[in-house]
$ cat my_file-v2.cif   # mmCIF, C-alpha atoms and all ligand atoms
data_target
loop_
_atom_site.label_atom_id
_atom_site.label_comp_id
_atom_site.auth_asym_id
_atom_site.auth_seq_id
_atom_site.Cartn_x
_atom_site.Cartn_y
_atom_site.Cartn_z
CA MET A 1 32.49 18.47 -46.84
CA ASN A 2 30.12 18.69 -49.81
CA VAL A 3 28.38 15.36 -50.33
CA PHE A 4 26.07 15.26 -53.35
CA LYS A 5 23.49 12.53 -53.72
CA ASN A 6 22.12 13.61 -57.07
CA LYS A 7 23.64 14.67 -60.35
CA ILE A 8 21.52 17.80 -60.82
CA ASP A 9 22.89 19.46 -57.67
CA LEU A 10 26.40 18.22 -58.43
CA ASN A 11 26.21 19.57 -61.97
CA LEU A 12 25.22 23.04 -60.77
CA TYR A 13 28.12 23.03 -58.32
CA ILE A 14 30.55 21.89 -61.02
CA ASP A 15 29.23 24.62 -63.37
CA THR A 16 30.20 27.17 -60.72
CA LEU A 17 33.69 25.67 -60.30
CA LYS A 18 34.19 25.65 -64.07
CA SER A 19 33.05 29.27 -64.36
CA GLN A 20 35.80 30.11 -61.85
CA ASN A 21 38.34 28.24 -64.02
CA ARG A 22 39.04 25.77 -61.24
CA THR A 23 40.63 22.51 -62.34
CA LEU A 24 38.91 19.25 -61.46
CA GLY A 25 40.48 15.92 -60.61
CA PHE A 26 38.35 12.80 -60.33
CA VAL A 27 38.73 9.52 -58.46
CA ALA A 28 36.02 6.92 -59.15
CA THR A 29 35.48 4.45 -56.32
CA MET A 30 33.00 1.89 -55.09
CA GLY A 31 33.63 3.04 -51.52
CA ALA A 32 35.15 1.15 -48.57
CA LEU A 33 37.98 3.60 -49.04
CA HIS A 34 41.53 2.65 -48.07
CA GLN A 35 45.06 4.04 -48.37
CA GLY A 36 45.20 3.04 -52.03
CA HIS A 37 42.28 5.39 -52.76
CA ALA A 38 43.87 8.03 -50.52
CA SER A 39 47.05 7.91 -52.60
CA LEU A 40 45.06 8.58 -55.81
CA ILE A 41 43.14 11.39 -54.12
CA ASN A 42 46.33 12.99 -52.78
CA LEU A 43 47.89 12.95 -56.22
CA GLY A 44 44.66 14.51 -57.55
CA LEU A 45 44.82 17.23 -54.91
CA ASN A 46 48.43 18.02 -55.87
CA GLN A 47 47.51 18.42 -59.52
CA ASN A 48 44.05 20.06 -59.36
CA ASP A 49 42.11 22.72 -57.45
CA VAL A 50 39.34 20.33 -56.46
CA VAL A 51 38.94 16.53 -56.48
CA VAL A 52 35.58 14.82 -56.96
CA VAL A 53 35.39 11.35 -55.40
CA SER A 54 32.48 9.20 -56.54
CA VAL A 55 31.29 6.47 -54.19
CA PHE A 56 29.01 4.10 -56.04
CA VAL A 57 28.76 0.32 -56.05
CA ASN A 58 27.96 -0.14 -59.70
CA PRO A 59 25.55 -3.08 -60.13
CA THR A 60 26.15 -3.58 -63.86
CA GLN A 61 29.82 -4.53 -63.48
CA PHE A 62 29.16 -7.49 -61.14
CA ASP A 63 28.81 -10.89 -62.75
CA ASN A 64 28.07 -12.45 -59.37
CA GLU A 65 24.99 -11.38 -57.39
CA GLU A 66 26.46 -12.51 -54.06
CA ASP A 67 29.60 -10.41 -54.61
CA LEU A 68 27.38 -7.37 -55.31
CA VAL A 69 25.26 -7.94 -52.21
CA LYS A 70 28.28 -8.50 -49.96
CA TYR A 71 30.37 -5.65 -51.36
CA PRO A 72 31.19 -3.39 -48.37
CA ARG A 73 29.14 -0.20 -48.16
CA THR A 74 30.61 2.23 -45.64
CA LEU A 75 29.67 5.73 -46.79
CA GLU A 76 29.83 7.35 -43.36
CA SER A 77 33.38 6.22 -42.61
CA ASP A 78 34.37 6.96 -46.22
CA VAL A 79 33.21 10.57 -45.81
CA ASN A 80 35.08 10.83 -42.49
CA LEU A 81 38.28 9.57 -44.09
CA LEU A 82 37.89 12.06 -46.96
CA ALA A 83 37.25 14.89 -44.52
CA MET A 84 40.55 14.05 -42.83
CA ILE A 85 42.33 14.41 -46.18
CA SER A 86 40.66 17.71 -47.09
CA GLU A 87 37.25 19.11 -46.08
CA GLU A 88 37.44 22.01 -48.55
CA LYS A 89 39.02 20.57 -51.67
CA ILE A 90 37.18 17.23 -51.92
CA ILE A 91 33.64 16.84 -53.20
CA VAL A 92 31.83 13.54 -52.78
CA TYR A 93 29.29 12.22 -55.26
CA ALA A 94 27.44 9.28 -53.72
CA PRO A 95 24.45 8.70 -56.00
CA SER A 96 21.66 6.17 -55.73
CA VAL A 97 21.35 3.50 -58.40
CA GLU A 98 18.33 5.42 -59.70
CA ASP A 99 20.30 8.67 -60.05
CA ILE A 100 22.71 6.88 -62.39
CA TYR A 101 20.48 4.41 -64.19
CA GLY A 102 16.89 5.60 -63.74
CA THR A 103 14.76 2.46 -63.82
CA ASN A 104 16.79 0.75 -66.54
CA ILE A 105 19.75 -0.90 -64.82
CA VAL A 106 21.60 -2.18 -67.87
CA SER A 107 24.99 -1.58 -69.39
CA THR A 108 25.89 -0.41 -72.87
CA SER A 109 27.95 -2.80 -74.96
CA PHE A 110 31.46 -1.53 -75.75
CA SER A 111 34.29 -2.63 -77.97
CA TYR A 112 37.73 -1.81 -76.66
CA ASP A 113 39.64 -3.20 -79.63
CA GLY A 114 39.94 -6.65 -78.06
CA LEU A 115 41.26 -5.59 -74.63
CA GLU A 116 37.93 -6.69 -73.18
CA HIS A 117 38.35 -10.31 -74.31
CA GLU A 118 41.41 -11.03 -72.15
CA MET A 119 41.72 -12.06 -68.48
CA GLU A 120 39.01 -10.33 -66.41
CA GLY A 121 36.87 -10.08 -69.55
CA ARG A 122 37.08 -13.84 -69.99
CA PHE A 123 36.38 -14.69 -66.36
CA ARG A 124 33.77 -12.00 -65.59
CA ALA A 125 31.13 -11.87 -68.30
CA GLY A 126 29.91 -8.34 -69.04
CA HIS A 127 32.23 -6.78 -66.45
CA PHE A 128 33.88 -4.26 -68.77
CA ASP A 129 30.57 -3.22 -70.33
CA GLY A 130 29.47 -2.31 -66.81
CA VAL A 131 32.72 -0.47 -66.08
CA GLY A 132 32.57 1.43 -69.39
CA THR A 133 28.94 2.38 -68.79
CA ILE A 134 29.52 3.81 -65.32
CA VAL A 135 32.86 5.50 -66.03
CA LYS A 136 31.56 7.17 -69.22
CA ARG A 137 28.47 8.37 -67.34
CA LEU A 138 30.57 9.70 -64.46
CA PHE A 139 32.91 11.49 -66.87
CA GLU A 140 29.86 13.11 -68.51
CA ILE A 141 28.42 14.22 -65.18
CA ILE A 142 31.67 15.34 -63.51
CA ARG A 143 33.58 16.64 -66.56
CA PRO A 144 37.01 16.30 -64.88
CA ASP A 145 40.28 17.57 -66.32
CA LYS A 146 42.21 14.61 -64.95
CA ALA A 147 41.05 11.20 -63.69
CA TYR A 148 43.11 8.81 -61.57
CA PHE A 149 42.89 5.00 -61.69
CA GLY A 150 45.04 2.43 -59.90
CA GLU A 151 47.24 -0.05 -61.72
CA LYS A 152 45.92 -2.87 -59.53
CA ASP A 153 43.11 -2.99 -62.10
CA PHE A 154 45.60 -2.64 -64.95
CA GLN A 155 43.22 -4.03 -67.57
CA GLN A 156 40.51 -1.64 -66.39
CA LEU A 157 42.97 1.27 -66.67
CA MET A 158 43.83 0.31 -70.27
CA ILE A 159 40.15 -0.07 -71.11
CA ILE A 160 39.28 3.34 -69.66
CA LYS A 161 42.11 4.92 -71.70
CA LYS A 162 40.66 3.22 -74.78
CA LEU A 163 37.13 4.44 -73.92
CA VAL A 164 38.38 8.02 -73.63
CA GLU A 165 40.23 7.73 -76.95
CA LYS A 166 37.26 6.18 -78.79
CA TYR A 167 34.67 8.65 -77.51
CA ASN A 168 36.98 11.68 -77.56
CA ILE A 169 36.26 12.39 -73.92
CA PRO A 170 38.27 15.47 -72.89
CA VAL A 171 39.96 14.03 -69.80
CA GLU A 172 43.51 12.96 -69.07
CA VAL A 173 43.55 9.46 -67.57
CA ILE A 174 46.41 8.95 -65.14
CA GLY A 175 47.48 5.49 -64.01
CA CYS A 176 48.82 5.23 -60.46
CA GLU A 177 51.13 2.61 -59.00
CA ILE A 178 49.65 -0.20 -56.91
CA TYR A 179 49.48 0.70 -53.24
CA ARG A 180 50.43 -2.26 -51.06
CA ALA A 181 50.13 -3.16 -47.41
CA LYS A 182 53.49 -3.63 -45.63
CA ASP A 183 53.31 -7.39 -46.27
CA GLY A 184 52.82 -6.81 -50.01
CA LEU A 185 49.08 -7.43 -50.38
CA ALA A 186 47.64 -5.01 -52.95
CA MET A 187 45.12 -2.69 -51.29
CA SER A 188 41.53 -3.50 -52.22
CA SER A 189 38.14 -2.78 -50.71
CA ARG A 190 37.56 -6.52 -50.75
CA ASN A 191 40.47 -7.08 -48.31
CA SER A 192 38.25 -5.86 -45.48
CA ARG A 193 36.10 -8.97 -45.97
CA LEU A 194 39.01 -11.44 -45.61
CA LYS A 195 38.82 -13.68 -42.55
CA PRO A 196 42.08 -13.62 -40.51
CA ALA A 197 43.51 -16.90 -41.88
CA TYR A 198 42.90 -15.75 -45.46
CA ARG A 199 44.30 -12.27 -44.79
CA LYS A 200 47.41 -13.91 -43.35
CA ALA A 201 47.79 -16.15 -46.40
CA ALA A 202 47.11 -13.45 -49.01
CA PRO A 203 50.63 -11.89 -49.25
CA PHE A 204 51.64 -15.17 -50.91
CA ILE A 205 50.12 -13.70 -54.08
CA PHE A 206 52.61 -10.83 -54.35
CA LYS A 207 55.48 -13.00 -53.15
CA THR A 208 54.73 -15.46 -55.96
CA LEU A 209 54.46 -12.64 -58.51
CA ASN A 210 57.89 -11.37 -57.46
CA THR A 211 59.51 -14.79 -57.85
CA ALA A 212 57.71 -15.25 -61.17
CA LYS A 213 59.28 -11.97 -62.29
CA GLU A 214 62.74 -13.24 -61.34
CA LYS A 215 62.15 -16.54 -63.14
CA PHE A 216 60.88 -14.76 -66.27
CA GLY A 217 64.40 -13.37 -66.76
CA THR A 218 65.72 -16.81 -67.72
CA ASN A 219 62.62 -18.97 -68.36
CA SER A 220 59.84 -19.06 -70.92
CA ALA A 221 56.37 -17.73 -70.07
CA THR A 222 55.05 -21.31 -70.16
CA LYS A 223 57.66 -22.51 -67.66
CA VAL A 224 56.94 -19.61 -65.31
CA SER A 225 53.18 -20.21 -65.57
CA GLU A 226 53.66 -23.89 -64.74
CA TRP A 227 55.78 -22.97 -61.74
CA VAL A 228 53.10 -20.56 -60.44
CA THR A 229 50.34 -23.14 -60.95
CA ASN A 230 52.40 -25.64 -58.91
CA GLN A 231 52.96 -23.17 -56.10
CA PHE A 232 49.22 -22.62 -55.75
CA ALA A 233 48.48 -26.34 -56.02
CA LYS A 234 50.60 -26.74 -52.86
CA ASN A 235 48.76 -23.91 -51.08
CA ASP A 236 45.76 -25.18 -49.06
CA ILE A 237 44.19 -21.77 -48.49
CA LEU A 238 44.39 -19.84 -51.75
CA GLU A 239 42.91 -21.04 -55.01
CA LEU A 240 44.41 -19.84 -58.29
CA GLU A 241 41.89 -18.80 -60.93
CA TYR A 242 44.40 -17.65 -63.52
CA PHE A 243 48.01 -16.61 -63.95
CA ILE A 244 48.80 -15.06 -67.30
CA ILE A 245 51.88 -13.39 -68.73
CA ALA A 246 50.73 -10.89 -71.30
CA ASN A 247 51.99 -8.16 -73.57
CA SER A 248 51.56 -4.93 -71.57
CA SER A 249 49.99 -3.04 -74.51
CA THR A 250 47.73 -5.63 -76.16
CA LEU A 251 47.13 -7.76 -73.04
CA LYS A 252 47.41 -10.81 -75.27
CA THR A 253 48.94 -13.87 -73.60
CA VAL A 254 52.59 -14.17 -74.58
CA LYS A 255 53.51 -17.19 -76.65
CA ARG A 256 57.14 -16.40 -77.38
CA LYS A 257 59.17 -13.79 -75.52
CA ILE A 258 60.60 -10.97 -77.65
CA ASN A 259 63.25 -8.87 -75.89
CA GLN A 260 62.02 -5.45 -77.02
CA LYS A 261 58.41 -6.04 -75.87
CA SER A 262 57.09 -5.13 -72.44
CA TYR A 263 55.35 -7.85 -70.43
CA ARG A 264 53.23 -8.04 -67.31
CA ALA A 265 52.03 -10.94 -65.19
CA PHE A 266 48.39 -10.96 -64.09
CA ILE A 267 46.84 -13.11 -61.41
CA ALA A 268 43.40 -13.79 -59.95
CA VAL A 269 43.06 -15.83 -56.77
CA TYR A 270 40.20 -16.91 -54.55
CA ALA A 271 40.68 -16.53 -50.80
CA ASP A 272 37.55 -18.33 -49.61
CA ASP A 273 34.78 -16.62 -51.62
CA ILE A 274 36.75 -13.40 -52.06
CA ARG A 275 38.40 -12.81 -55.38
CA LEU A 276 41.72 -10.96 -55.32
CA ILE A 277 43.62 -9.70 -58.35
CA ASP A 278 47.14 -8.36 -58.71
CA ASN A 279 49.77 -7.80 -61.38
CA ILE A 280 53.43 -6.95 -61.83
CA ALA A 281 55.59 -5.46 -64.59
CA LEU A 282 58.10 -8.10 -65.69
CA ASN A 283 60.58 -5.99 -67.64
O1 LIG B 301 37.79 0.20 -59.82
C1 LIG B 301 36.66 0.39 -59.32
O2 LIG B 301 36.49 0.57 -58.12
C2 LIG B 301 35.45 0.41 -60.23
O3 LIG B 301 35.58 -0.49 -61.26
C3 LIG B 301 35.12 1.83 -60.77
C4 LIG B 301 36.25 2.36 -61.67
C5 LIG B 301 34.91 2.77 -59.61
C6 LIG B 301 33.85 1.79 -61.61
O4 LIG B 301 32.76 1.37 -60.85
#
$ encode --input "my_file-v2.cif" --output "structure tokens"
Amino acid sequence: MNVFKNKIDLNLYIDTLKSQNRTLGFVATMGALHQGHASLINLGLNQNDVVVVSVFVNPTQFDNEEDLVKYPRTLESDVNLLAMISEEKIIVYAPSVEDIYGTNIVSTSFSYDGLEHEMEGRFRAGHFDGVGTIVKRLFEIIRPDKAYFGEKDFQQLMIIKKLVEKYNIPVEVIGCEIYRAKDGLAMSSRNSRLKPAYRKAAPFIFKTLNTAKEKFGTNSATKVSEWVTNQFAKNDILELEYFIIANSSTLKTVKRKINQKSYRAFIAVYADDIRLIDNIALN
């Protein structure tokens, strides 16, 4: 398995692949890889000759220092998992912070036509500037043909599509369905930090989203939001940060339902100090 720690070596390797007309898929990760990542990588392997997987905990997208410090870092087991998927067709890029940022660890400020002001953008100051900074830099270094992002971070996926459009980056961004554990919990690297009682309680999030979807068929967005808020008020373990029903294209909170429009429900929940997000298409 080729594991590159610096962009100069990786670039030379990618130059060679490009000169051989090999197609490149890309999966950006912050490590602590799980089956959700594996599903993106497998799709990438089906559609490309080689898949580059970046493993980098990006400091500029964290609004909370403790979350950054505690974020799981498991490069050795990540590389083992990737080797089990494909030793030959996967390349790992696991840079240091210095390789990406030099000595200036700051993000660029981006406008994503308002997408950045909703939900995660409202609750995590500067988060999408950090995401845009790292993803743009990784696209420039890796120069992939196709890049795969999970719909669990639906807002991030929309923002990355917008970034690519605005900067004319020659990559096709492919959104992939949320990969869930058998009990419905959306796969996330943060799940590995959940204490047993919180892990046991966490499927309540998806269960509630599913019922909210059912209720949205005959109730207003306000009524459904009130119902969800009440459900979490009765839950002693999980703490609701937000539940929002939004237009799937603009991500603006829905005020009045219009039949032809497509809507999605978004949720952020604290399980102890671990923040979990999820979403579901409503129609
Ligand atoms: O979704 C993530 O894991 C991160 O936001 C990403 C896209 C790897 C950028 O650091």
$ closest_residue --input "my_file-v2.cif" --among "A:Asn48, A:Gln156, A:Ser192, A:Thr103" --to "ligand LIG 301 (chain B)" --atoms "all atoms listed in the file"
A:Gln156
$ residues_near_ligand --input "my_file-v2.cif" --ligand "ligand LIG 301 (chain B)" --cutoff "7 Å" --atoms "all atoms listed in the file" --output "tab-separated table (two decimals) with C-alpha atoms, keeping the file's coordinate frame"
chain	number	residue	atom	x	y	z
A	28	ALA	CA	36.02	6.92	-59.15
A	29	THR	CA	35.48	4.45	-56.32
A	30	MET	CA	33.00	1.89	-55.09
A	56	PHE	CA	29.01	4.10	-56.04
A	57	VAL	CA	28.76	0.32	-56.05
A	58	ASN	CA	27.96	-0.14	-59.70
A	131	VAL	CA	32.72	-0.47	-66.08
A	134	ILE	CA	29.52	3.81	-65.32
A	135	VAL	CA	32.86	5.50	-66.03
A	153	ASP	CA	43.11	-2.99	-62.10
$ residues_around --input "my_file-v2.cif" --residues "Ala147 (chain A)" --least-positions-apart "4" --cutoff "7 Å" --atoms "only C-alpha atoms" --output "mmCIF file with C-alpha atoms, in the frame of the given file"
data_model
loop_
_atom_site.group_PDB
_atom_site.id
_atom_site.type_symbol
_atom_site.label_atom_id
_atom_site.label_comp_id
_atom_site.auth_asym_id
_atom_site.auth_seq_id
_atom_site.Cartn_x
_atom_site.Cartn_y
_atom_site.Cartn_z
ATOM 1 C CA GLY A 25 40.480 15.920 -60.610
ATOM 2 C CA PHE A 26 38.350 12.800 -60.330
ATOM 3 C CA VAL A 27 38.730 9.520 -58.460
ATOM 4 C CA VAL A 171 39.960 14.030 -69.800
ATOM 5 C CA GLU A 172 43.510 12.960 -69.070
ATOM 6 C CA VAL A 173 43.550 9.460 -67.570
ATOM 7 C CA ILE A 174 46.410 8.950 -65.140
#
$ closest_atom_pairs --input "my_file-v2.cif" --of "region 165-209 of chain A" --to "region 223-241 of chain A" --cutoff "9 Å" --atoms "all atoms listed in the file" --output "tab-separated table"
residue	atom	partner	partner_atom	distance
A:Ala197	CA	A:Ile237	CA	8.2
A:Tyr198	CA	A:Ile237	CA	6.9
A:Ala201	CA	A:Ile237	CA	7.0
A:Ala202	CA	A:Leu238	CA	7.5
A:Phe204	CA	A:Leu238	CA	8.7
A:Ile205	CA	A:Leu238	CA	8.7
A:Thr208	CA	A:Val228	CA	7.0
A:Leu209	CA	A:Val228	CA	8.3
$ write_last_selection --input "my_file-v2.cif" --atoms "C-alpha atoms" --output "mmCIF file, keeping the file's coordinate frame"
data_model
loop_
_atom_site.group_PDB
_atom_site.id
_atom_site.type_symbol
_atom_site.label_atom_id
_atom_site.label_comp_id
_atom_site.auth_asym_id
_atom_site.auth_seq_id
_atom_site.Cartn_x
_atom_site.Cartn_y
_atom_site.Cartn_z
ATOM 1 C CA ALA A 197 43.510 -16.900 -41.880
ATOM 2 C CA TYR A 198 42.900 -15.750 -45.460
ATOM 3 C CA ALA A 201 47.790 -16.150 -46.400
ATOM 4 C CA ALA A 202 47.110 -13.450 -49.010
ATOM 5 C CA PHE A 204 51.640 -15.170 -50.910
ATOM 6 C CA ILE A 205 50.120 -13.700 -54.080
ATOM 7 C CA THR A 208 54.730 -15.460 -55.960
ATOM 8 C CA LEU A 209 54.460 -12.640 -58.510
#
$ atom_distance --input "my_file-v2.cif" --atom1 "CA of Asp78 (chain A)" --atom2 "CA of Val92 (chain A)"
9.6 Å
$ residues_around --input "my_file-v2.cif" --residues "Thr60 (chain A)" --least-positions-apart "6" --cutoff "10 Å" --atoms "all atoms listed in the file" --output "ChimeraX atom specification"
/A:68,101,105-108,126-134
$ atom_distance --input "my_file-v2.cif" --atom1 "CA of Asn247 (chain A)" --atom2 "CA of Lys261 (chain A)"
7.1 Å
$ atom_distance --input "my_file-v2.cif" --atom1 "CA of Arg137 (chain A)" --atom2 "CA of Asn6 (chain A)"
13.2 Å
$ residues_around --input "my_file-v2.cif" --residues "region 32-45 of chain A" --least-positions-apart "5" --cutoff "7 Å" --atoms "only C-alpha atoms" --output "list in words"
Gly25, Val27, Val50, Val51, Pro72, Arg73, Thr74, Asp78, Tyr148, Cys176, Tyr179, Met187 and Ser189 of chain A
$ write_last_selection --input "my_file-v2.cif" --atoms "C-alpha atoms" --output "CSV table (one decimal), in the frame of the given file"
chain,number,residue,atom,x,y,z
A,25,GLY,CA,40.5,15.9,-60.6
A,27,VAL,CA,38.7,9.5,-58.5
A,50,VAL,CA,39.3,20.3,-56.5
A,51,VAL,CA,38.9,16.5,-56.5
A,72,PRO,CA,31.2,-3.4,-48.4
A,73,ARG,CA,29.1,-0.2,-48.2
A,74,THR,CA,30.6,2.2,-45.6
A,78,ASP,CA,34.4,7.0,-46.2
A,148,TYR,CA,43.1,8.8,-61.6
A,176,CYS,CA,48.8,5.2,-60.5
A,179,TYR,CA,49.5,0.7,-53.2
A,187,MET,CA,45.1,-2.7,-51.3
A,189,SER,CA,38.1,-2.8,-50.7
$ residues_around --input "my_file-v2.cif" --residues "Asn64 (chain A)" --least-positions-apart "4" --cutoff "12 Å" --atoms "only C-alpha atoms" --output "PyMOL selection string"
chain A and resi 59-60+68-71+123-127+273-275
$ closest_residue --input "my_file-v2.cif" --among "A:Asp99, A:Pro144, A:Arg199, A:Glu66" --to "Val53 (chain A)" --atoms "all atoms listed in the file"
A:Pro144
$ residues_around --input "my_file-v2.cif" --residues "Pro203 (chain A)" --least-positions-apart "6" --cutoff "8 Å" --atoms "only C-alpha atoms" --output "PyMOL selection string"
chain A and resi 183-185
$ closest_atom_pairs --input "my_file-v2.cif" --of "region 90-180 of chain A" --to "region 80-85 of chain A" --cutoff "12 Å" --atoms "only C-alpha atoms" --output "Markdown table"
| residue | atom | partner | partner_atom | distance |
| --- | --- | --- | --- | --- |
| A:Ile90 | CA | A:Leu82 | CA | 7.2 |
| A:Ile91 | CA | A:Leu82 | CA | 8.9 |
| A:Val92 | CA | A:Leu82 | CA | 8.5 |
| A:Tyr93 | CA | A:Leu82 | CA | 12.0 |
$ write_last_selection --input "my_file-v2.cif" --atoms "C-alpha atoms" --output "CSV table (one decimal), in the coordinates of the input"
chain,number,residue,atom,x,y,z
A,90,ILE,CA,37.2,17.2,-51.9
A,91,ILE,CA,33.6,16.8,-53.2
A,92,VAL,CA,31.8,13.5,-52.8
A,93,TYR,CA,29.3,12.2,-55.3
$ closest_residue --input "my_file-v2.cif" --among "A:Ile142, A:Phe206, A:Phe110, A:Ala246" --to "Arg180 (chain A)" --atoms "all atoms listed in the file"
A:Phe206
$ closest_residue --input "my_file-v2.cif" --among "A:Asn219, A:Ser54, A:Asn168, A:Asn283" --to "Phe4 (chain A)" --atoms "only C-alpha atoms"
A:Ser54
